[in-house]
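Colleague: structure-v8.csv is the file, holding CSV, C-alpha atoms and all ligand atoms:
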```csv
chain,number,residue,atom,x,y,z
A,1,MET,CA,89.4,92.2,82.4
A,2,ASN,CA,90.6,95.6,83.8
A,3,ARG,CA,88.6,97.1,86.7
A,4,THR,CA,87.3,100.6,86.5
A,5,ALA,CA,87.6,103.1,89.4
A,6,LEU,CA,85.8,106.5,89.7
A,7,ILE,CA,87.8,108.9,91.8
A,8,THR,CA,86.3,112.2,92.8
A,9,GLY,CA,88.7,115.1,93.3
A,10,ALA,CA,91.5,113.7,91.2
A,11,THR,CA,92.9,117.1,90.1
A,12,ALA,CA,95.3,117.3,93.2
A,13,GLY,CA,96.5,115.7,96.3
A,14,ILE,CA,95.2,112.3,97.5
A,15,GLY,CA,92.8,111.9,94.5
A,16,GLU,CA,95.5,112.5,91.9
A,17,ALA,CA,98.0,110.2,93.7
A,18,THR,CA,95.3,107.5,93.9
A,19,ALA,CA,94.6,107.8,90.2
A,20,LEU,CA,98.4,107.4,89.5
A,21,ARG,CA,98.6,104.4,91.8
A,22,LEU,CA,95.5,102.6,90.5
A,23,ALA,CA,96.5,103.3,86.9
A,24,SER,CA,99.9,101.7,87.6
A,25,GLU,CA,98.0,98.6,88.7
A,26,GLY,CA,96.0,98.5,85.4
A,27,TYR,CA,92.8,100.1,86.5
A,28,ASN,CA,90.8,102.1,84.0
A,29,LEU,CA,89.8,105.4,85.5
A,30,ILE,CA,87.0,108.0,85.6
A,31,ILE,CA,88.5,111.1,87.2
A,32,THR,CA,86.5,114.1,88.4
A,33,GLY,CA,87.1,117.6,89.6
A,34,ARG,CA,86.2,121.3,88.9
A,35,ARG,CA,89.5,122.3,87.3
A,36,LYS,CA,89.2,121.1,83.7
A,37,ASP,CA,92.8,121.9,82.7
A,38,ARG,CA,94.2,119.9,85.6
A,39,LEU,CA,91.8,117.0,84.9
A,40,GLU,CA,93.1,116.9,81.3
A,41,ASN,CA,96.7,117.0,82.5
A,42,VAL,CA,96.2,114.1,84.9
A,43,LYS,CA,94.4,112.2,82.1
A,44,ASN,CA,97.4,112.8,79.7
A,45,GLU,CA,99.9,111.6,82.3
A,46,LEU,CA,97.8,108.5,83.1
A,47,THR,CA,97.3,107.5,79.5
A,48,SER,CA,100.8,108.2,78.3
A,49,THR,CA,102.5,106.5,81.3
A,50,TYR,CA,100.2,103.6,81.9
A,51,GLY,CA,98.2,103.1,78.7
A,52,VAL,CA,94.9,102.7,80.6
A,53,ASP,CA,91.5,104.1,79.6
A,54,VAL,CA,90.7,107.4,81.3
A,55,GLN,CA,87.5,109.4,81.2
A,56,THR,CA,87.2,112.8,82.7
A,57,LEU,CA,84.0,114.2,84.3
A,58,HIS,CA,84.1,117.9,85.0
A,59,PHE,CA,81.6,118.9,87.8
A,60,ASP,CA,81.2,120.5,91.2
A,61,VAL,CA,80.1,117.8,93.7
A,62,ARG,CA,78.0,120.5,95.5
A,63,SER,CA,75.6,120.7,92.5
A,64,HIS,CA,73.1,117.9,92.5
A,65,ALA,CA,72.2,118.7,88.9
A,66,GLU,CA,75.9,118.7,87.7
A,67,VAL,CA,76.6,115.4,89.6
A,68,THR,CA,73.6,113.6,88.1
A,69,THR,CA,74.2,114.9,84.5
A,70,ALA,CA,77.9,113.9,84.7
A,71,ILE,CA,77.4,110.4,86.0
A,72,ASP,CA,74.3,109.8,83.9
A,73,SER,CA,76.5,110.7,80.9
A,74,LEU,CA,78.5,107.5,81.4
A,75,ASP,CA,77.5,104.5,79.2
A,76,ALA,CA,74.7,102.5,81.0
A,77,ASN,CA,76.9,99.4,80.7
A,78,GLN,CA,80.0,101.2,82.0
A,79,PRO,CA,81.2,99.0,84.9
A,80,LEU,CA,82.0,101.0,88.1
A,81,ASP,CA,84.0,98.5,90.2
A,82,VAL,CA,85.4,101.1,92.6
A,83,LEU,CA,84.2,104.5,93.8
A,84,VAL,CA,86.7,106.6,95.8
A,85,ASN,CA,84.7,109.4,97.5
A,86,ASN,CA,87.7,111.7,98.0
A,87,ALA,CA,86.6,115.3,96.9
A,88,GLY,CA,86.6,117.4,100.0
A,89,LEU,CA,88.1,120.4,101.8
A,90,ALA,CA,88.5,122.4,104.9
A,91,SER,CA,87.8,126.1,104.6
A,92,GLY,CA,88.8,128.4,107.4
A,93,LEU,CA,90.2,127.8,110.9
A,94,ASP,CA,88.2,129.7,113.4
A,95,GLN,CA,86.3,129.2,116.6
A,96,ILE,CA,82.6,128.9,116.1
A,97,GLN,CA,81.7,132.5,117.2
A,98,ASP,CA,84.1,133.8,114.6
A,99,GLY,CA,83.1,131.3,111.8
A,100,ASP,CA,82.4,132.4,108.3
A,101,ILE,CA,79.1,131.1,107.1
A,102,GLU,CA,80.4,130.7,103.6
A,103,ASP,CA,83.2,128.5,104.9
A,104,TRP,CA,80.7,126.4,106.8
A,105,ASP,CA,78.4,126.0,103.7
A,106,LYS,CA,81.3,125.1,101.5
A,107,MET,CA,82.5,122.3,103.9
A,108,ILE,CA,79.0,120.9,104.5
A,109,ASP,CA,78.0,121.0,100.9
A,110,THR,CA,81.2,119.5,99.6
A,111,ASN,CA,82.2,116.9,102.2
A,112,VAL,CA,78.7,115.7,103.2
A,113,LYS,CA,76.2,116.6,100.5
A,114,GLY,CA,78.7,116.1,97.6
A,115,LEU,CA,79.6,112.6,98.8
A,116,LEU,CA,76.0,111.7,99.1
A,117,TYR,CA,75.1,113.1,95.7
A,118,VAL,CA,77.9,111.1,94.0
A,119,SER,CA,77.1,107.9,96.0
A,120,ARG,CA,73.4,108.2,95.2
A,121,GLN,CA,74.2,108.1,91.4
A,122,VAL,CA,76.9,105.4,91.6
A,123,ILE,CA,75.4,102.9,94.1
A,124,PRO,CA,72.4,101.8,91.9
A,125,ARG,CA,74.9,100.9,89.1
A,126,MET,CA,76.9,98.7,91.6
A,127,ILE,CA,73.7,97.1,92.9
A,128,ALA,CA,72.6,96.3,89.3
A,129,ARG,CA,76.0,94.5,88.7
A,130,GLY,CA,76.0,92.8,92.1
A,131,SER,CA,79.4,94.0,93.0
A,132,GLY,CA,81.5,97.0,93.9
A,133,HIS,CA,83.8,98.6,96.4
A,134,ILE,CA,83.3,102.1,97.9
A,135,VAL,CA,86.2,103.8,99.6
A,136,ASN,CA,85.2,106.9,101.6
A,137,ILE,CA,88.0,109.3,102.5
A,138,GLY,CA,87.2,110.5,106.0
A,139,SER,CA,89.8,111.9,108.4
A,140,ILE,CA,91.2,111.7,111.9
A,141,ALA,CA,88.9,114.8,112.2
A,142,GLY,CA,86.0,112.3,111.8
A,143,LYS,CA,87.2,110.4,114.9
A,144,GLU,CA,88.3,113.3,117.2
A,145,VAL,CA,87.8,117.0,117.3
A,146,TYR,CA,90.2,119.9,117.9
A,147,PRO,CA,89.8,123.6,118.5
A,148,LYS,CA,89.0,125.6,115.4
A,149,GLY,CA,88.3,122.3,113.5
A,150,ASN,CA,84.6,122.4,114.6
A,151,VAL,CA,82.6,122.3,111.3
A,152,TYR,CA,85.3,120.4,109.3
A,153,CYS,CA,85.4,117.8,112.1
A,154,GLY,CA,81.6,117.7,112.1
A,155,THR,CA,81.5,117.0,108.3
A,156,LYS,CA,84.1,114.2,108.7
A,157,HIS,CA,82.2,112.7,111.6
A,158,MET,CA,79.2,112.5,109.2
A,159,VAL,CA,81.4,110.8,106.6
A,160,ASP,CA,82.3,108.3,109.3
A,161,ALA,CA,78.5,107.7,110.0
A,162,LEU,CA,77.7,107.5,106.3
A,163,ASN,CA,80.5,105.0,105.8
A,164,GLN,CA,79.0,102.8,108.5
A,165,ALA,CA,75.5,103.2,107.1
A,166,MET,CA,76.6,102.3,103.6
A,167,ARG,CA,78.4,99.2,104.8
A,168,ARG,CA,75.4,98.0,106.7
A,169,GLU,CA,73.1,98.7,103.8
A,170,LEU,CA,75.2,97.4,100.9
A,171,ALA,CA,76.5,94.1,102.2
A,172,GLU,CA,73.3,92.4,101.0
A,173,SER,CA,74.2,93.6,97.5
A,174,ASN,CA,77.8,92.2,97.6
A,175,ILE,CA,79.3,95.8,97.8
A,176,LYS,CA,82.2,96.4,100.1
A,177,VAL,CA,82.5,99.8,101.9
A,178,SER,CA,85.7,101.0,103.5
A,179,ALA,CA,86.9,104.3,105.1
A,180,ILE,CA,90.4,105.7,105.1
A,181,ASN,CA,90.9,108.3,107.8
A,182,PRO,CA,94.3,110.2,107.5
A,183,GLY,CA,96.0,112.6,109.7
A,184,ALA,CA,98.1,115.4,108.3
A,185,VAL,CA,98.9,114.9,104.6
A,186,GLU,CA,100.8,117.7,102.8
A,187,THR,CA,98.6,118.5,99.7
A,188,GLU,CA,96.8,121.6,98.7
A,189,PHE,CA,94.5,120.9,101.7
A,190,SER,CA,96.1,123.6,104.0
A,191,ILE,CA,96.3,126.2,101.2
A,192,VAL,CA,92.6,125.8,100.6
A,193,ARG,CA,91.9,125.8,104.4
A,194,LEU,CA,93.9,129.0,104.9
A,195,HIS,CA,92.2,130.7,101.9
A,196,GLY,CA,95.3,130.7,99.6
A,197,ASP,CA,98.0,131.7,102.2
A,198,VAL,CA,100.7,129.5,100.8
A,199,GLU,CA,103.4,130.5,103.3
A,200,LYS,CA,101.1,129.8,106.3
A,201,ALA,CA,100.0,126.6,104.8
A,202,LYS,CA,103.6,125.5,104.4
A,203,SER,CA,104.3,126.2,108.1
A,204,VAL,CA,101.6,123.6,109.1
A,205,TYR,CA,104.1,120.9,108.0
A,206,ASN,CA,107.2,122.5,109.6
A,207,GLY,CA,109.3,120.4,111.9
A,208,PHE,CA,107.8,117.0,111.5
A,209,GLU,CA,107.5,114.3,108.8
A,210,ASN,CA,103.9,114.7,107.5
A,211,LEU,CA,102.2,112.0,105.4
A,212,VAL,CA,102.3,112.5,101.6
A,213,ALA,CA,99.4,111.8,99.2
A,214,ALA,CA,101.2,108.6,98.0
A,215,ASP,CA,101.0,107.1,101.5
A,216,ILE,CA,97.2,107.4,101.3
A,217,ALA,CA,97.1,106.0,97.8
A,218,ASP,CA,99.2,103.1,99.1
A,219,ALA,CA,96.6,102.4,101.8
A,220,ILE,CA,93.7,102.7,99.3
A,221,SER,CA,95.5,100.2,97.0
A,222,TRP,CA,96.0,97.8,99.9
A,223,VAL,CA,92.3,98.1,100.9
A,224,LEU,CA,91.2,97.4,97.3
A,225,SER,CA,93.5,94.4,96.9
A,226,ARG,CA,92.4,92.3,99.8
A,227,PRO,CA,90.9,89.0,98.9
A,228,ASP,CA,87.2,89.2,98.0
A,229,HIS,CA,86.0,87.8,101.4
A,230,VAL,CA,88.0,90.4,103.4
A,231,ASN,CA,86.7,93.9,104.0
A,232,ILE,CA,88.7,96.7,105.7
A,233,ASN,CA,86.0,98.6,107.5
A,234,ASP,CA,87.9,101.5,108.8
A,235,LEU,CA,91.6,102.5,108.7
A,236,ILE,CA,93.2,105.4,110.5
A,237,ILE,CA,96.6,106.4,109.1
A,238,MET,CA,98.7,109.1,110.9
A,239,PRO,CA,102.2,110.6,110.8
A,240,LYS,CA,104.4,109.1,113.5
A,241,ALA,CA,104.6,112.6,115.0
A,242,GLN,CA,100.8,113.1,115.2
A,243,PRO,CA,99.5,110.7,117.8
A,244,ALA,CA,96.1,112.4,117.8
A,245,ALA,CA,94.1,115.1,116.0
A,246,GLY,CA,95.5,118.6,116.7
A,247,GLN,CA,98.6,117.2,118.5
A,248,ILE,CA,101.9,117.3,116.5
A,249,HIS,CA,105.4,116.8,118.0
A,250,ARG,CA,107.7,119.0,116.0
A,251,ASN,CA,111.5,119.0,115.7
A,252,GLN,CA,111.9,115.5,117.3
A,253,GLY,CA,114.6,113.4,115.7
A,254,LEU,CA,114.8,115.7,112.6
B,301,LIG,P1,93.5,118.8,97.9
B,301,LIG,O1,93.0,120.2,98.1
B,301,LIG,O2,94.9,118.6,97.4
B,301,LIG,O3,92.5,118.1,96.9
B,301,LIG,C1,91.1,118.2,97.0
B,301,LIG,C2,90.5,117.6,95.8
B,301,LIG,O4,89.0,117.7,96.0
B,301,LIG,C3,90.8,118.4,94.5
B,301,LIG,O5,91.0,117.5,93.4
B,301,LIG,C4,89.6,119.3,94.3
B,301,LIG,O6,89.4,119.4,92.9
B,301,LIG,C5,88.5,118.4,94.8
B,301,LIG,N1,87.3,119.1,95.2
B,301,LIG,C6,87.2,120.0,96.2
B,301,LIG,N2,86.0,120.6,96.2
B,301,LIG,C7,85.3,120.1,95.2
B,301,LIG,C8,84.0,120.3,94.6
B,301,LIG,N3,83.2,121.2,95.2
B,301,LIG,N4,83.7,119.6,93.5
B,301,LIG,C9,84.5,118.7,93.0
B,301,LIG,N5,85.7,118.5,93.5
B,301,LIG,C10,86.1,119.2,94.5
B,301,LIG,O7,93.2,118.0,99.3
B,301,LIG,P2,93.5,116.5,99.7
B,301,LIG,O8,94.0,115.7,98.6
B,301,LIG,O9,94.3,116.6,100.9
B,301,LIG,O10,92.0,116.1,100.2
B,301,LIG,C11,91.3,115.0,99.6
B,301,LIG,C12,90.4,114.5,100.7
B,301,LIG,O11,91.2,114.0,101.8
B,301,LIG,C13,89.4,115.5,101.3
B,301,LIG,O12,88.2,114.8,101.5
B,301,LIG,C14,90.1,115.8,102.7
B,301,LIG,O13,89.1,116.2,103.6
B,301,LIG,C15,90.7,114.5,103.0
B,301,LIG,N6,91.7,114.5,104.0
B,301,LIG,C16,92.9,115.3,103.8
B,301,LIG,C17,93.8,115.3,104.8
B,301,LIG,C18,95.1,116.2,104.6
B,301,LIG,O14,95.7,116.4,105.7
B,301,LIG,N7,95.4,116.6,103.5
B,301,LIG,C19,93.7,114.5,106.0
B,301,LIG,C20,92.5,113.7,106.1
B,301,LIG,C21,91.6,113.7,105.1
B,301,LIG,P3,89.0,120.8,92.2
B,301,LIG,O15,89.5,121.9,93.1
B,301,LIG,O16,89.6,120.8,90.8
B,301,LIG,O17,87.5,120.7,92.1
B,302,LIG,C1,92.8,116.7,107.7
B,302,LIG,C2,93.6,116.2,108.8
B,302,LIG,O1,94.4,116.7,111.2
B,302,LIG,O2,94.1,118.6,109.7
B,302,LIG,O3,91.6,116.0,107.6
B,302,LIG,O4,92.2,117.5,110.6
B,302,LIG,S1,93.6,117.3,110.2
```
Could the structure of this file be written out as structure tokens, please?
Modeller:
Amino acid sequence: MNRTALITGATAGIGEATALRLASEGYNLIITGRRKDRLENVKNELTSTYGVDVQTLHFDVRSHAEVTTAIDSLDANQPLDVLVNNAGLASGLDQIQDGDIEDWDKMIDTNVKGLLYVSRQVIPRMIARGSGHIVNIGSIAGKEVYPKGNVYCGTKHMVDALNQAMRRELAESNIKVSAINPGAVETEFSIVRLHGDVEKAKSVYNGFENLVAADIADAISWVLSRPDHVNINDLIIMPKAQPAAGQIHRNQGL
């Protein structure tokens, strides 16, 4: 029987690439995001190319009411084999004394509270079935910090903590929990972080070979395809030219 994966934030970037990758492997999918038109476009591509079942759930992970309504709308017997907690963002790049409170709220509400709200609704279904695999998308920013990354790094450190907590709590229920922590991946991430400045966002990736969303989808696919007795707890995946958070070697060997 085909497995079903619920992927949050599948309208762009890593989530969309993961949806494509898992559909190519025969997964049925539940894809989520705020941009309804994008969700429908991704659904059409998945169903026409791979012939898998795809459901869309349109909600903002920051709204507890929207999250519960959306996930509770799924059939009670709908198997959820995999949850990819991917929806997230950075907003702004400032030192703390210059930080925009709205940016901080957005990052904390999305990356921390949103991940918790979704997990809170999905985990009981996995426990009831006695199986499941949760993949939390953290970041190198959850392992290290860098100037002007402050609040984003803080939220991703919390994802790291929640990933460890979930793994310790859910092993007794036969549920695997893994984190993937990428370095710089060229997606819409920097456009969002820089408040829509596309040119400046492009320059973030100048002069070195960044990761692409498919690299992370590949890692997620690998983590999910390990034998049942094997769990990948925590994976850091970086561009060769980025040995650490906030350190990028540009124009070397290009
Ligand atoms: P993108 O901006 O390309 O995609 C972000 C996705 O998250 C979109 O589908 C967006 O959907 C969704 N999302 C954002 N906010 C919300 C919200 N409030 N409610 C529902 N969905 C939301 O970025 P990436 O693909 O790069 O980012 C995906 C994850 O990877 C994030 O958690 C990010 O922190 C992490 N990451 C990214 C790295 C990078 O360098 N790109 C590196 C390390 C980690 P919509 O706007 O339609 O709601
Ligand atoms: C995004 C990667 O290096 O910009 O999580 O913090 S980085």
Colleague: Near Val192 (chain A), counting only C-alpha atoms, which residues have an atom at most 7 Å away, once you skip same-chain residues fewer than 4 positions from it, shown as a list in words?
Modeller: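 In the requested format, the answer is Ala90, Ser91, Glu188 and Gly196 of chain A.
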Colleague: Counting all atoms listed in the file, select every polymer residue within 12 Å of (76.6, 103.5, 89.9) as defined in the file's coordinates, and provide the selection as a ChimeraX atom specification.
Modeller: /A:4-6,67-68,70-83,117-134,175
Colleague: Pull C-alpha atoms from the residues just selected and write them as a compact mmCIF listing (two decimals), in the coordinates of the input.
Modeller:
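So part.txt came out as:
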```txt
# COMPACT_ATOMS: atom_id res chain seq x y z
CA THR A 4 87.30 100.60 86.50
CA ALA A 5 87.60 103.10 89.40
CA LEU A 6 85.80 106.50 89.70
CA VAL A 67 76.60 115.40 89.60
CA THR A 68 73.60 113.60 88.10
CA ALA A 70 77.90 113.90 84.70
CA ILE A 71 77.40 110.40 86.00
CA ASP A 72 74.30 109.80 83.90
CA SER A 73 76.50 110.70 80.90
CA LEU A 74 78.50 107.50 81.40
CA ASP A 75 77.50 104.50 79.20
CA ALA A 76 74.70 102.50 81.00
CA ASN A 77 76.90 99.40 80.70
CA GLN A 78 80.00 101.20 82.00
CA PRO A 79 81.20 99.00 84.90
CA LEU A 80 82.00 101.00 88.10
CA ASP A 81 84.00 98.50 90.20
CA VAL A 82 85.40 101.10 92.60
CA LEU A 83 84.20 104.50 93.80
CA TYR A 117 75.10 113.10 95.70
CA VAL A 118 77.90 111.10 94.00
CA SER A 119 77.10 107.90 96.00
CA ARG A 120 73.40 108.20 95.20
CA GLN A 121 74.20 108.10 91.40
CA VAL A 122 76.90 105.40 91.60
CA ILE A 123 75.40 102.90 94.10
CA PRO A 124 72.40 101.80 91.90
CA ARG A 125 74.90 100.90 89.10
CA MET A 126 76.90 98.70 91.60
CA ILE A 127 73.70 97.10 92.90
CA ALA A 128 72.60 96.30 89.30
CA ARG A 129 76.00 94.50 88.70
CA GLY A 130 76.00 92.80 92.10
CA SER A 131 79.40 94.00 93.00
CA GLY A 132 81.50 97.00 93.90
CA HIS A 133 83.80 98.60 96.40
CA ILE A 134 83.30 102.10 97.90
CA ILE A 175 79.30 95.80 97.80
```
Colleague: In Å, with one decimal, what is the gap from atom C14 of ligand LIG 301 (chain B) to CA of Glu172 (chain A)?
Modeller: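 These two atoms are separated by 28.9 Å.
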Colleague: Name the closest residue to Val177 (chain A) among the candidates A:Thr49, A:Asn163, A:Thr155, A:Asn41; distances are taken between atoms, counting all atoms listed in the file.
Modeller: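 That would be A:Asn163, the residue with the smallest distance to Val177 (chain A).
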Colleague: Find the residue from A:Pro182, A:Gly51, A:Gly207, A:Gly154 that sits nearest to ligand LIG 302 (chain B); use all atoms listed in the file when measuring.
Modeller: A:Pro182
Colleague: Using all atoms listed in the file, which protein or nucleic acid residues are at most 8 Å from ligand LIG 301 (chain B), as a PyMOL selection string?
Modeller: chain A and resi 8-16+32-36+38-39+59-62+85-90+106+109-111+114+137-141+156+181-192+211+213
Colleague: Of the candidates A:Ile7, A:Ile216, A:Leu93, A:Leu194, which one gets nearest to Gln55 (chain A) if we count only C-alpha atoms?
Modeller: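 Among the listed residues, A:Ile7 lies closest to Gln55 (chain A).
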Colleague: What box, with edges along x, y and z, holds each listed atom of ligand LIG 302 (chain B) when 3 Å is added on every side, and can you state its centre and edge lengths in Å to one decimal, as JSON?
Modeller:
```
{"center_x": 93.0, "center_y": 117.3, "center_z": 109.4, "size_x": 8.8, "size_y": 8.6, "size_z": 9.6}
```
Colleague: When you count all atoms listed in the file, which of these residues is closest to Asp103 (chain A): A:Lys200, A:His58, A:Lys43, A:His195?
Modeller: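 For Asp103 (chain A), the nearest of the given residues is A:His195.
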Colleague: As an exercise, work out the distance from CA of Glu40 (chain A) to CA of Asp215 (chain A) in Å and give it to one decimal place.
Modeller: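 Between CA of Glu40 (chain A) and CA of Asp215 (chain A) the gap is 23.8 Å.
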Colleague: Between A:Val84, A:Val151, A:Val159, A:Val230, which one has atoms that come closest to Lys113 (chain A), using all atoms listed in the file?
Modeller: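 For Lys113 (chain A), the nearest of the given residues is A:Val159.
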Colleague: State, in Å with one decimal place, the distance from CA of Pro239 (chain A) to atom O1 of ligand LIG 302 (chain B).
Modeller: 9.9 Å
Colleague: Kindly indicate which residue among A:Ser221, A:Asp228, A:Ile101, A:Ile248 lies nearest to Asn174 (chain A), using all atoms listed in the file for the distances.
Modeller: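 Checking each candidate against Asn174 (chain A), we get A:Asp228 as the closest.
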Colleague: Tell me, as a ChimeraX atom specification, which residues lie within 8 Å of Glu144 (chain A), counting only C-alpha atoms; anything in the same chain fewer than 6 positions away does not count.
Modeller: /A:153,244-245
Colleague: Write out as JSON, numbers by chain the residues lying within 7 Å of His249 (chain A), counting all atoms listed in the file and excluding same-chain residues fewer than 5 positions away.
Modeller: {"A": [208, 241, 242]}
Colleague: Every residue with an atom at most 8 Å from (87.4, 104.9, 80.5) (file coordinates; only C-alpha atoms) is what I'm after, so could you write them as a list in words?
Modeller: Thr4, Asn28, Leu29, Ile30, Val52, Asp53, Val54 and Gln55 of chain A
